[in-house]
Every structure is written in structure tokens, then in C-alpha cells.
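Novice: Dropping in coords25.txt, which is compact mmCIF, C-alpha atoms:
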# COMPACT_ATOMS: atom_id res chain seq x y z
CA MET A 1 -69.59 -165.87 -200.04
CA SER A 2 -70.42 -168.15 -202.93
CA THR A 3 -69.32 -171.76 -202.57
CA ARG A 4 -69.64 -172.66 -206.24
CA GLN A 5 -66.58 -174.32 -207.78
CA VAL A 6 -64.27 -172.06 -209.74
CA GLY A 7 -64.13 -173.11 -213.38
CA ILE A 8 -61.98 -172.53 -216.39
CA LYS A 9 -64.38 -169.78 -217.58
CA ASP A 10 -63.68 -167.82 -214.39
CA VAL A 11 -59.93 -168.05 -214.95
CA ALA A 12 -60.32 -166.93 -218.56
CA ALA A 13 -62.39 -163.91 -217.50
CA ALA A 14 -59.95 -162.95 -214.75
CA ALA A 15 -56.95 -163.24 -217.05
CA GLY A 16 -58.67 -161.55 -219.98
CA VAL A 17 -58.01 -164.41 -222.39
CA SER A 18 -60.04 -167.09 -224.14
CA ILE A 19 -61.06 -170.39 -222.58
CA ALA A 20 -58.91 -172.15 -225.20
CA THR A 21 -55.85 -170.20 -224.11
CA VAL A 22 -56.42 -171.11 -220.46
CA SER A 23 -56.80 -174.76 -221.40
CA GLN A 24 -53.59 -174.72 -223.44
CA VAL A 25 -51.61 -173.01 -220.68
CA LEU A 26 -52.82 -175.10 -217.75
CA ASN A 27 -52.47 -178.36 -219.68
CA ASN A 28 -49.00 -177.46 -220.97
CA VAL A 29 -49.96 -178.08 -224.58
CA ALA A 30 -46.65 -178.38 -226.41
CA TYR A 31 -47.72 -176.78 -229.68
CA ALA A 32 -49.56 -173.83 -228.14
CA ARG A 33 -48.19 -170.42 -229.14
CA VAL A 34 -48.88 -168.39 -226.02
CA ALA A 35 -46.67 -165.51 -224.97
CA ALA A 36 -44.79 -165.87 -221.68
CA GLU A 37 -46.58 -162.80 -220.25
CA THR A 38 -49.96 -164.32 -221.06
CA ARG A 39 -48.95 -167.64 -219.49
CA ASP A 40 -47.94 -165.83 -216.30
CA ARG A 41 -51.26 -163.94 -216.25
CA VAL A 42 -53.23 -167.19 -216.60
CA HIS A 43 -51.27 -168.92 -213.83
CA GLN A 44 -51.66 -165.93 -211.52
CA ALA A 45 -55.40 -165.82 -212.13
CA ALA A 46 -55.72 -169.54 -211.49
CA ARG A 47 -53.82 -169.26 -208.21
CA ARG A 48 -55.76 -166.19 -207.11
CA LEU A 49 -59.10 -167.90 -207.74
CA GLY A 50 -58.01 -171.21 -206.25
CA TYR A 51 -58.65 -173.02 -209.52
CA GLY A 52 -57.66 -176.67 -209.81
CA PRO A 53 -58.43 -179.09 -212.63
CA ASN A 54 -61.52 -181.22 -212.26
CA ARG A 55 -59.81 -184.53 -211.65
CA LEU A 56 -62.91 -186.62 -212.24
CA ALA A 57 -63.57 -185.00 -215.61
CA GLN A 58 -59.91 -185.26 -216.49
CA ALA A 59 -59.84 -188.95 -215.60
CA LEU A 60 -62.92 -189.63 -217.72
CA ARG A 61 -61.34 -187.83 -220.66
CA THR A 62 -57.87 -189.39 -220.46
CA ARG A 63 -58.89 -192.70 -218.85
CA ARG A 64 -56.14 -192.07 -216.32
CA SER A 65 -56.22 -191.03 -212.68
CA ASP A 66 -52.66 -189.61 -212.71
CA VAL A 67 -52.05 -191.56 -209.49
CA ILE A 68 -49.27 -194.11 -209.06
CA GLY A 69 -49.43 -196.74 -206.34
CA VAL A 70 -46.29 -197.58 -204.35
CA ILE A 71 -46.08 -200.81 -202.37
CA CYS A 72 -43.23 -200.69 -199.83
CA GLU A 73 -42.12 -203.88 -198.08
CA ASP A 74 -41.83 -203.41 -194.31
CA MET A 75 -41.59 -199.66 -194.69
CA ALA A 76 -41.02 -198.99 -190.98
CA THR A 77 -37.96 -201.26 -190.72
CA ALA A 78 -36.36 -200.87 -194.15
CA PRO A 79 -33.62 -198.27 -193.49
CA ASN A 80 -33.69 -196.63 -196.90
CA SER A 81 -37.36 -196.88 -197.88
CA GLY A 82 -37.77 -193.17 -197.15
CA LEU A 83 -35.29 -192.26 -199.88
CA VAL A 84 -37.01 -194.52 -202.41
CA ILE A 85 -40.34 -192.91 -201.56
CA LEU A 86 -38.90 -189.38 -201.72
CA GLY A 87 -37.40 -190.05 -205.13
CA SER A 88 -40.66 -191.48 -206.43
CA VAL A 89 -42.77 -188.63 -205.01
CA GLU A 90 -40.56 -185.89 -206.45
CA ALA A 91 -40.27 -187.55 -209.87
CA ALA A 92 -44.03 -188.08 -209.99
CA LYS A 93 -44.71 -184.44 -209.08
CA VAL A 94 -42.61 -183.23 -212.00
CA ARG A 95 -44.79 -185.26 -214.35
CA GLY A 96 -48.07 -184.17 -212.73
CA TYR A 97 -48.76 -187.43 -210.90
CA THR A 98 -49.59 -188.18 -207.27
CA ILE A 99 -48.22 -191.09 -205.23
CA MET A 100 -50.36 -193.37 -203.06
CA ILE A 101 -48.26 -195.47 -200.66
CA ILE A 102 -49.16 -198.82 -199.07
CA ASN A 103 -47.03 -200.73 -196.57
CA ALA A 104 -46.76 -204.47 -197.15
CA PRO A 105 -45.55 -206.05 -193.90
CA GLY A 106 -44.17 -209.53 -194.31
CA THR A 107 -44.23 -209.49 -198.09
CA GLY A 108 -41.57 -211.93 -199.19
CA PRO A 109 -40.26 -214.19 -201.92
CA ASP A 110 -43.45 -216.28 -201.86
CA GLY A 111 -45.13 -213.47 -203.77
CA SER A 112 -47.62 -212.53 -201.04
CA GLY A 113 -48.78 -208.95 -201.43
CA ASP A 114 -51.79 -209.31 -203.69
CA ALA A 115 -53.95 -207.56 -201.11
CA GLY A 116 -51.88 -204.40 -201.54
CA VAL A 117 -52.12 -204.62 -205.31
CA ALA A 118 -55.90 -205.09 -205.12
CA THR A 119 -56.28 -202.14 -202.76
CA LEU A 120 -54.40 -199.85 -205.11
CA MET A 121 -56.24 -201.05 -208.21
CA ASP A 122 -59.57 -200.46 -206.45
CA ARG A 123 -58.46 -196.84 -206.22
CA GLN A 124 -57.86 -196.67 -209.96
CA VAL A 125 -54.10 -196.13 -209.90
CA ASP A 126 -52.49 -196.00 -213.34
CA GLY A 127 -49.54 -198.20 -212.42
CA ILE A 128 -47.67 -199.68 -209.46
CA LEU A 129 -44.13 -199.32 -208.17
CA TYR A 130 -43.10 -202.22 -205.91
CA ALA A 131 -40.18 -201.40 -203.57
CA ALA A 132 -38.51 -204.48 -202.08
CA LYS A 133 -36.95 -204.37 -198.63
CA GLY A 134 -33.68 -205.81 -199.82
CA ARG A 135 -31.98 -206.69 -203.08
CA ARG A 136 -33.18 -210.07 -204.37
CA ARG A 137 -34.98 -211.96 -207.08
CA LEU A 138 -38.61 -212.58 -206.12
CA ARG A 139 -41.90 -213.97 -207.29
CA VAL A 140 -43.98 -210.86 -207.69
CA PRO A 141 -47.57 -210.73 -206.45
CA ALA A 142 -49.70 -212.32 -209.14
CA GLY A 143 -51.82 -209.17 -209.36
CA LEU A 144 -48.87 -207.18 -210.74
CA VAL A 145 -48.51 -209.33 -213.84
CA GLY A 146 -50.25 -207.66 -216.73
CA LEU A 147 -50.21 -204.19 -215.15
CA PRO A 148 -47.89 -201.27 -215.81
CA ALA A 149 -45.50 -202.03 -212.94
CA VAL A 150 -41.84 -201.60 -212.00
CA LEU A 151 -39.85 -203.26 -209.21
CA VAL A 152 -37.31 -201.29 -207.19
CA ASP A 153 -34.19 -203.06 -205.85
CA ALA A 154 -35.46 -206.46 -206.99
CA GLU A 155 -35.87 -208.60 -210.09
CA ASP A 156 -38.85 -210.71 -211.10
CA MET A 157 -38.09 -214.43 -211.19
CA GLY A 158 -40.79 -214.80 -213.83
CA HIS A 159 -39.38 -212.01 -216.03
CA SER A 160 -42.85 -210.45 -216.30
CA VAL A 161 -42.23 -207.15 -214.48
CA SER A 162 -39.53 -204.60 -215.22
CA SER A 163 -37.13 -203.42 -212.54
CA VAL A 164 -34.61 -200.82 -211.43
CA ILE A 165 -31.59 -202.17 -209.54
CA PRO A 166 -28.25 -200.88 -208.24
CA ASP A 167 -24.93 -201.86 -209.79
CA GLU A 168 -23.84 -203.91 -206.78
CA GLU A 169 -20.83 -205.37 -208.54
CA GLY A 170 -19.64 -202.00 -209.81
CA GLY A 171 -20.01 -200.48 -206.35
CA ALA A 172 -18.04 -203.31 -204.74
CA ARG A 173 -15.31 -202.99 -207.35
CA THR A 174 -15.04 -199.29 -206.51
CA ALA A 175 -14.72 -200.10 -202.80
CA VAL A 176 -11.95 -202.67 -203.28
CA GLN A 177 -10.12 -200.55 -205.85
CA THR A 178 -10.10 -197.68 -203.35
CA LEU A 179 -8.15 -199.87 -200.94
CA ILE A 180 -5.80 -201.06 -203.68
CA ASP A 181 -5.19 -197.48 -204.82
CA ALA A 182 -4.25 -196.59 -201.23
CA GLY A 183 -1.44 -199.16 -201.46
CA HIS A 184 -2.96 -202.20 -199.76
CA THR A 185 -2.13 -205.65 -201.07
CA ARG A 186 -3.42 -207.85 -198.23
CA ILE A 187 -7.14 -207.09 -198.21
CA GLY A 188 -9.83 -209.00 -196.32
CA MET A 189 -13.59 -209.10 -196.62
CA ILE A 190 -16.40 -209.51 -194.11
CA THR A 191 -19.58 -210.66 -195.80
CA SER A 192 -22.90 -212.49 -195.53
CA THR A 193 -23.65 -216.20 -195.78
CA ASP A 194 -27.11 -215.44 -197.21
CA ASP A 195 -27.93 -216.76 -200.68
CA VAL A 196 -28.91 -213.34 -202.05
CA PRO A 197 -27.75 -211.44 -205.16
CA GLU A 198 -25.99 -208.68 -203.23
CA ALA A 199 -23.81 -211.17 -201.33
CA HIS A 200 -22.83 -213.02 -204.51
CA SER A 201 -22.14 -209.90 -206.56
CA ARG A 202 -20.08 -208.15 -203.87
CA LEU A 203 -17.93 -211.25 -203.25
CA LEU A 204 -17.45 -211.81 -206.98
CA ALA A 205 -16.41 -208.19 -207.43
CA PHE A 206 -13.98 -208.52 -204.51
CA LYS A 207 -12.28 -211.51 -206.12
CA ASP A 208 -12.21 -210.07 -209.63
CA THR A 209 -10.85 -206.69 -208.57
CA LEU A 210 -7.98 -208.31 -206.69
CA VAL A 211 -7.13 -210.55 -209.64
CA ASP A 212 -7.35 -207.66 -212.12
CA ALA A 213 -4.85 -205.76 -209.96
CA GLY A 214 -2.44 -208.72 -209.97
CA LEU A 215 -3.17 -209.62 -206.34
CA GLU A 216 -3.89 -213.09 -205.04
CA PHE A 217 -7.35 -213.88 -203.74
CA ARG A 218 -6.98 -215.63 -200.35
CA ALA A 219 -10.08 -217.46 -199.18
CA GLU A 220 -8.86 -217.35 -195.57
CA LEU A 221 -9.15 -213.56 -195.65
CA VAL A 222 -12.91 -213.76 -196.27
CA GLN A 223 -15.06 -214.26 -193.18
CA SER A 224 -18.84 -214.73 -193.43
CA GLU A 225 -21.71 -214.45 -190.96
CA PRO A 226 -25.44 -215.22 -191.25
CA SER A 227 -26.16 -212.03 -189.29
CA THR A 228 -25.20 -208.90 -191.22
CA ASP A 229 -25.55 -206.56 -188.24
CA ALA A 230 -22.85 -205.11 -185.98
CA ALA A 231 -22.70 -208.31 -183.88
CA GLY A 232 -22.09 -210.39 -186.98
CA GLY A 233 -19.41 -207.99 -188.16
CA TYR A 234 -17.74 -208.13 -184.76
CA ARG A 235 -17.57 -211.94 -184.74
CA ALA A 236 -16.24 -212.10 -188.30
CA ALA A 237 -13.71 -209.36 -187.59
CA LEU A 238 -12.31 -211.15 -184.54
CA ARG A 239 -11.67 -214.28 -186.62
CA LEU A 240 -10.08 -212.22 -189.37
CA MET A 241 -7.96 -209.99 -187.15
CA GLN A 242 -6.63 -212.79 -184.95
CA ARG A 243 -4.97 -214.62 -187.83
CA ASP A 244 -1.17 -214.91 -187.80
CA ARG A 245 -1.07 -212.41 -190.66
CA ARG A 246 -4.04 -210.10 -190.49
CA PRO A 247 -5.07 -207.91 -193.43
CA THR A 248 -4.14 -204.25 -193.57
CA ALA A 249 -7.51 -203.35 -195.10
CA VAL A 250 -11.04 -204.80 -195.04
CA PHE A 251 -14.05 -204.43 -197.32
CA CYS A 252 -17.29 -204.90 -195.36
CA PHE A 253 -20.60 -206.18 -196.75
CA ASN A 254 -22.41 -203.24 -195.17
CA ASP A 255 -21.95 -200.37 -192.73
CA LEU A 256 -23.40 -202.31 -189.80
CA MET A 257 -20.76 -205.03 -190.18
CA ALA A 258 -18.14 -202.29 -190.47
CA MET A 259 -19.35 -200.97 -187.12
CA GLY A 260 -18.70 -204.40 -185.62
CA LEU A 261 -15.24 -204.39 -187.18
CA TYR A 262 -14.49 -201.06 -185.52
CA ARG A 263 -15.36 -202.57 -182.15
CA ALA A 264 -13.14 -205.61 -182.73
CA ALA A 265 -10.24 -203.43 -183.88
CA ALA A 266 -10.56 -201.24 -180.79
CA GLU A 267 -10.51 -204.26 -178.49
CA LEU A 268 -7.38 -205.59 -180.23
CA GLY A 269 -5.66 -202.20 -180.11
CA VAL A 270 -5.66 -201.76 -183.89
CA SER A 271 -6.07 -198.16 -185.03
CA VAL A 272 -8.40 -197.25 -187.93
CA PRO A 273 -7.12 -196.09 -190.41
CA ASP A 274 -3.47 -195.94 -189.25
CA GLU A 275 -3.15 -199.73 -188.99
CA LEU A 276 -6.33 -200.89 -190.69
CA SER A 277 -8.26 -199.28 -193.53
CA VAL A 278 -11.99 -200.00 -193.82
CA VAL A 279 -14.59 -199.50 -196.55
CA GLY A 280 -18.29 -200.27 -196.01
CA PHE A 281 -21.33 -200.48 -198.24
CA ASP A 282 -24.81 -198.84 -198.10
CA ASN A 283 -23.91 -195.37 -196.78
CA GLN A 284 -26.31 -195.46 -193.85
CA GLU A 285 -25.41 -191.93 -192.86
CA LEU A 286 -26.40 -192.22 -189.20
CA ILE A 287 -23.85 -195.01 -188.94
CA ALA A 288 -21.14 -194.15 -191.46
CA GLY A 289 -20.98 -190.46 -190.65
CA ASN A 290 -20.90 -190.99 -186.90
CA LEU A 291 -18.28 -193.70 -186.55
CA HIS A 292 -14.85 -192.52 -185.47
CA PRO A 293 -13.17 -192.13 -187.84
CA ALA A 294 -16.07 -191.54 -190.25
CA LEU A 295 -16.51 -194.52 -192.55
CA THR A 296 -15.68 -194.46 -196.25
CA THR A 297 -18.47 -196.40 -197.91
CA VAL A 298 -20.40 -197.02 -201.11
CA SER A 299 -23.78 -195.35 -201.50
CA LEU A 300 -26.73 -197.28 -202.89
CA PRO A 301 -28.84 -195.04 -205.20
CA HIS A 302 -32.14 -195.40 -203.32
CA TYR A 303 -33.46 -191.94 -204.21
CA GLU A 304 -32.38 -192.35 -207.82
CA MET A 305 -33.98 -195.80 -208.07
CA GLY A 306 -37.31 -194.47 -206.82
CA ALA A 307 -37.19 -191.57 -209.27
CA ARG A 308 -36.08 -193.68 -212.23
CA ALA A 309 -38.74 -196.32 -211.57
CA VAL A 310 -41.46 -193.66 -211.62
CA GLU A 311 -40.11 -192.16 -214.85
CA ILE A 312 -40.12 -195.59 -216.53
CA LEU A 313 -43.61 -196.29 -215.23
CA ILE A 314 -45.08 -192.96 -216.38
CA ASP A 315 -43.47 -193.31 -219.79
CA ALA A 316 -45.17 -196.69 -220.09
CA ILE A 317 -48.52 -195.34 -218.89
CA GLU A 318 -48.49 -192.39 -221.24
CA GLY A 319 -47.09 -194.37 -224.13
CA ASN A 320 -49.86 -196.95 -223.92
CA THR A 321 -47.38 -199.82 -223.90
CA GLY A 322 -50.09 -202.22 -222.83
CA ALA A 323 -49.96 -205.01 -220.33
CA GLY A 324 -46.68 -206.66 -221.31
CA PRO A 325 -43.29 -206.23 -219.62
CA LEU A 326 -41.94 -202.71 -219.94
CA THR A 327 -38.47 -203.92 -220.88
CA ALA A 328 -36.63 -207.22 -221.00
CA LEU A 329 -33.63 -205.92 -219.04
CA PRO A 330 -33.47 -204.09 -215.70
CA ALA A 331 -32.33 -200.49 -215.51
CA VAL A 332 -29.03 -200.58 -213.60
CA LEU A 333 -27.98 -197.45 -211.67
CA PRO A 334 -24.42 -196.76 -210.46
CA CYS A 335 -23.32 -196.93 -206.83
CA THR A 336 -20.92 -194.15 -205.82
CA LEU A 337 -18.11 -193.97 -203.29
CA VAL A 338 -18.55 -191.62 -200.32
CA ALA A 339 -14.99 -190.88 -199.17
CA ARG A 340 -14.56 -190.13 -195.48
CA ASP A 341 -11.70 -190.87 -193.08
CA SER A 342 -11.32 -194.66 -192.74
CA VAL A 343 -8.83 -195.27 -195.57
CA ALA A 344 -5.09 -194.54 -195.43
CA PRO A 345 -1.93 -196.06 -196.91
CA PRO A 346 -0.51 -199.10 -195.10
CA SER A 347 1.56 -198.11 -192.07
CA GLY A 348 4.59 -200.14 -193.17
CA GLN A 349 4.93 -201.53 -189.67
CA ALA A 350 5.24 -205.24 -189.07
CA VAL A 351 1.87 -206.94 -188.84
CA THR A 352 1.27 -208.15 -185.28
CA PRO A 353 0.17 -211.78 -184.80
CA TRP A 354 -2.66 -212.01 -182.30
CA ALA A 355 -2.74 -214.87 -179.81
In C-alpha cells, how does this file's structure come out?
Specialist:
Amino acid sequence: MSTRQVGIKDVAAAAGVSIATVSQVLNNVAYARVAAETRDRVHQAARRLGYGPNRLAQALRTRRSDVIGVICEDMATAPNSGLVILGSVEAAKVRGYTIMIINAPGTGPDGSGDAGVATLMDRQVDGILYAAKGRRRLRVPAGLVGLPAVLVDAEDMGHSVSSVIPDEEGGARTAVQTLIDAGHTRIGMITSTDDVPEAHSRLLAFKDTLVDAGLEFRAELVQSEPSTDAAGGYRAALRLMQRDRRPTAVFCFNDLMAMGLYRAAAELGVSVPDELSVVGFDNQELIAGNLHPALTTVSLPHYEMGARAVEILIDAIEGNTGAGPLTALPAVLPCTLVARDSVAPPSGQAVTPWA
């Protein structure tokens, strides 16, 4: 059997059409007037012969590799990095691009991560998507400045690199409004002490939503912890629930802290949602969907952010926007409520003071 590479001439001969027609069909030339039946015949011939475009020749002609680099911070430990990657891979595939992924362990706000950028650029990627482990403003690796690049779930402190971020404030407003709409007027919050954008925006939204509804914001009903895991949520919940007048509903910084709240409520004999309604944030499905009762929470658009970042990046690559920032403002994507079973109207029973 011959091992020579199948070429465009072979496809043309097998399909019974001209080389120009094959080129127009396989390159999706917008202005080409080729009948649908002919297009199908060309694609069938290409598949049957195992024809694929000569990527090297294509790259020389277009000066593009059609490869996008993705740098993921601490990919193994970031709970939602898989969704960001999936969104970026599927969006890239639609546009005819391939994704090359690099893990960047320990990359942080000091801007370390240039090694990953250099590795990707050595492989001639057309642009770079940088996925942060958690929502924050950061100093991007110096190597990203001047490249087609987009941040995911982060903003550049130097305003040199474009970004795609979630609407944290809008999502938190939805969470609190859900509790208000259920009839609650004494609502608490368990949150983080960290100086990060998501903590500030969720607390601000909590306050503003209460005020907009004509309810009083009570600082004593907000309990903060440096640890935003289940243990931190448990400690904060005990302080909150053992007040003389405990809240009838609580908005939690994330689903892990809500898990800790569930434990505290169980120990104190408080039933969720009959005596205490709870809304989380993040929609970590292994947690939220498996708590009892299942947790109503706000979903961060990780898949959508990955997909949108790739679309912005490819538009910039193909539009020859040059080395400057892609846009002055971040693309902000909505966070949606995932309603489950942890919210109910207030019981109307007297609130029990806990010793």
C-alpha cells in the first residue's frame, strides 16, 4: 500500500470536481457558490481518503498556527477548571482551532508564570487564554503583555490584558432576593475575610439588596472567616445561630461554607429549610446536589467564560487587532440561580434563643 500523503488533487479526482472547488469547500469560503450535493461529495471523498489540510503549509500561508494556548492556574486543585477548559475547547473547535493546555502551579498575584507563556509561544500559538484559580485582580505574567491574550475569572491590574469575569454582584443579589421573595426579613450572611473582589462584591450586593427591599442591614448578622471551607462555615454558623435572635435565612459565600452551616444547624436541632433557609454560591454540584436537602445556589458561568474568552481571542487573532489590549472593559457574564430544596417561607414559629 502506498504511504504517500493524500493531497487536494486526490480529493478532487475522487469527488469529480475541480481543485478550486475542493479548496473552496474545505476552507469554507463564504462567497463560493457550490451546491449542497457537491459539498457533501467533497466532504465524503475527503473523509474516505483520510485527507487533512497540510497544517505547515497553511500556517506559512496565513501566518497562523490555529492553536490557542491555555494557561490554567493549579489545574488539579481548582474545582471548576475542567469546565473552563471544556468551554474553551468546544468554542475553539467550532472556529477550527486547537487548544494546548499548560498547568501553572503556584502562579499568583506576583505575576509569576512567564515560563508557561514562553513555552506556549515557542510552540507558535496564536494567542493565550489565562485561567485564574480564583476571582481576583492580578499582575499578569510580563510575557502576556503585547500578545493577543484574554484572562478568565480575573482582571489585569495593569489594564493591559482583556478579561472575562462573572457578574458576582448580580449573582449575589439574585441569591438574597430569592430569600426575600420567600418571605424572610431577618437574613444573615456567612462570608470570607479575604481581601478579594468576590468577597467585596457579594457583601456589597447583600447589603444593597436588603436596603432596596426596605430591610435593615444588621452587621451582627454577618459572620466572617478566613477559611472558606466547611470548617470555616461551621464556625461562622455557630456564632450566627447562637445569637439571641438568630436569622431565619442565610446567604453563604460558597457551597463549602453552606455545608458547614448545615452541620451547625443539625447540631443545634434547626431544620433546613423548615426553620432555616439557605442559599450558597458556586454550584459545586458534588456538594450542592448531595446535601440534604439539596442546596439552592448560584452558578458561576465557568463553561461560558472559557467559551467566551476563546471567541474574543479568535476574533482578535483573525481581525489582526495587533498587540494592544483587546478591549478596555471586561466582558461580564451572568450568574444564574440553581433552585433546589433549601429555601422555604419562614415557619412563623418563635425564634429560639440558644444558650
Novice: Would you please work out which residue, of A:Gly87, A:Gly16, A:Pro247, A:Gly233, is nearest to Ala307 in chain A when using all atoms listed in the file?
Specialist: A:Gly87
Novice: Set the distance at 7 Å and use all atoms listed in the file: which residues neighbour Ser299 in chain A once local chain neighbours fewer than 2 positions away are removed? I'd like the list as an mmCIF file with C-alpha atoms, in the frame of the given file.
Specialist:
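out.cif written:
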data_model
loop_
_atom_site.group_PDB
_atom_site.id
_atom_site.type_symbol
_atom_site.label_atom_id
_atom_site.label_comp_id
_atom_site.auth_asym_id
_atom_site.auth_seq_id
_atom_site.Cartn_x
_atom_site.Cartn_y
_atom_site.Cartn_z
ATOM 1 C CA PHE A 281 -21.330 -200.480 -198.240
ATOM 2 C CA ASP A 282 -24.810 -198.840 -198.100
ATOM 3 C CA ASN A 283 -23.910 -195.370 -196.780
ATOM 4 C CA THR A 297 -18.470 -196.400 -197.910
ATOM 5 C CA PRO A 301 -28.840 -195.040 -205.200
ATOM 6 C CA CYS A 335 -23.320 -196.930 -206.830
ATOM 7 C CA THR A 336 -20.920 -194.150 -205.820
ATOM 8 C CA LEU A 337 -18.110 -193.970 -203.290
ATOM 9 C CA VAL A 338 -18.550 -191.620 -200.320
#
Novice: Name the closest residue to Glu169 in chain A among the candidates A:Gly96, A:Val298, A:Ala258, A:Thr119; distances are taken between atoms, counting only C-alpha atoms.
Specialist: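 For Glu169 in chain A, the nearest of the given residues is A:Val298.
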Novice: Could you work out how far CA of Leu276 in chain A lies from CA of Leu238 in chain A, giving the answer in Å with one decimal?
Specialist: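 Here the two named atoms are 13.4 Å from each other.
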Novice: Could you list, as a compact mmCIF listing (two decimals) with C-alpha atoms, in the coordinates of the input, every residue within 9 Å of Asp341 in chain A, counting all atoms listed in the file and ignoring same-chain residues fewer than 6 positions away?
Specialist:
# COMPACT_ATOMS: atom_id res chain seq x y z
CA VAL A 272 -8.40 -197.25 -187.93
CA PRO A 273 -7.12 -196.09 -190.41
CA HIS A 292 -14.85 -192.52 -185.47
CA PRO A 293 -13.17 -192.13 -187.84
CA ALA A 294 -16.07 -191.54 -190.25
CA LEU A 295 -16.51 -194.52 -192.55
CA THR A 296 -15.68 -194.46 -196.25
Novice: From the list A:Asp315, A:Glu168, A:Asp122, A:Glu216, which residue is nearest His200 in chain A when using all atoms listed in the file?
Specialist: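 Among the listed residues, the smallest separation from His200 in chain A belongs to A:Glu168.
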Novice: What separation in Å, quoted to one decimal, exists between CA of Leu240 in chain A and CA of Pro166 in chain A?
Specialist: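 It comes out at 28.5 Å.
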Novice: Go through A:Ala236, A:Arg245, A:Thr185, A:Asp229 and flag the residue nearest Val211 in chain A, using all atoms listed in the file for the distances.
Specialist: A:Thr185
Novice: I need the residue nearest Gly171 in chain A from this list: A:Met100, A:Ile19, A:Ala91, A:Ala205. Use only C-alpha atoms for the distance.
Specialist: A:Ala205
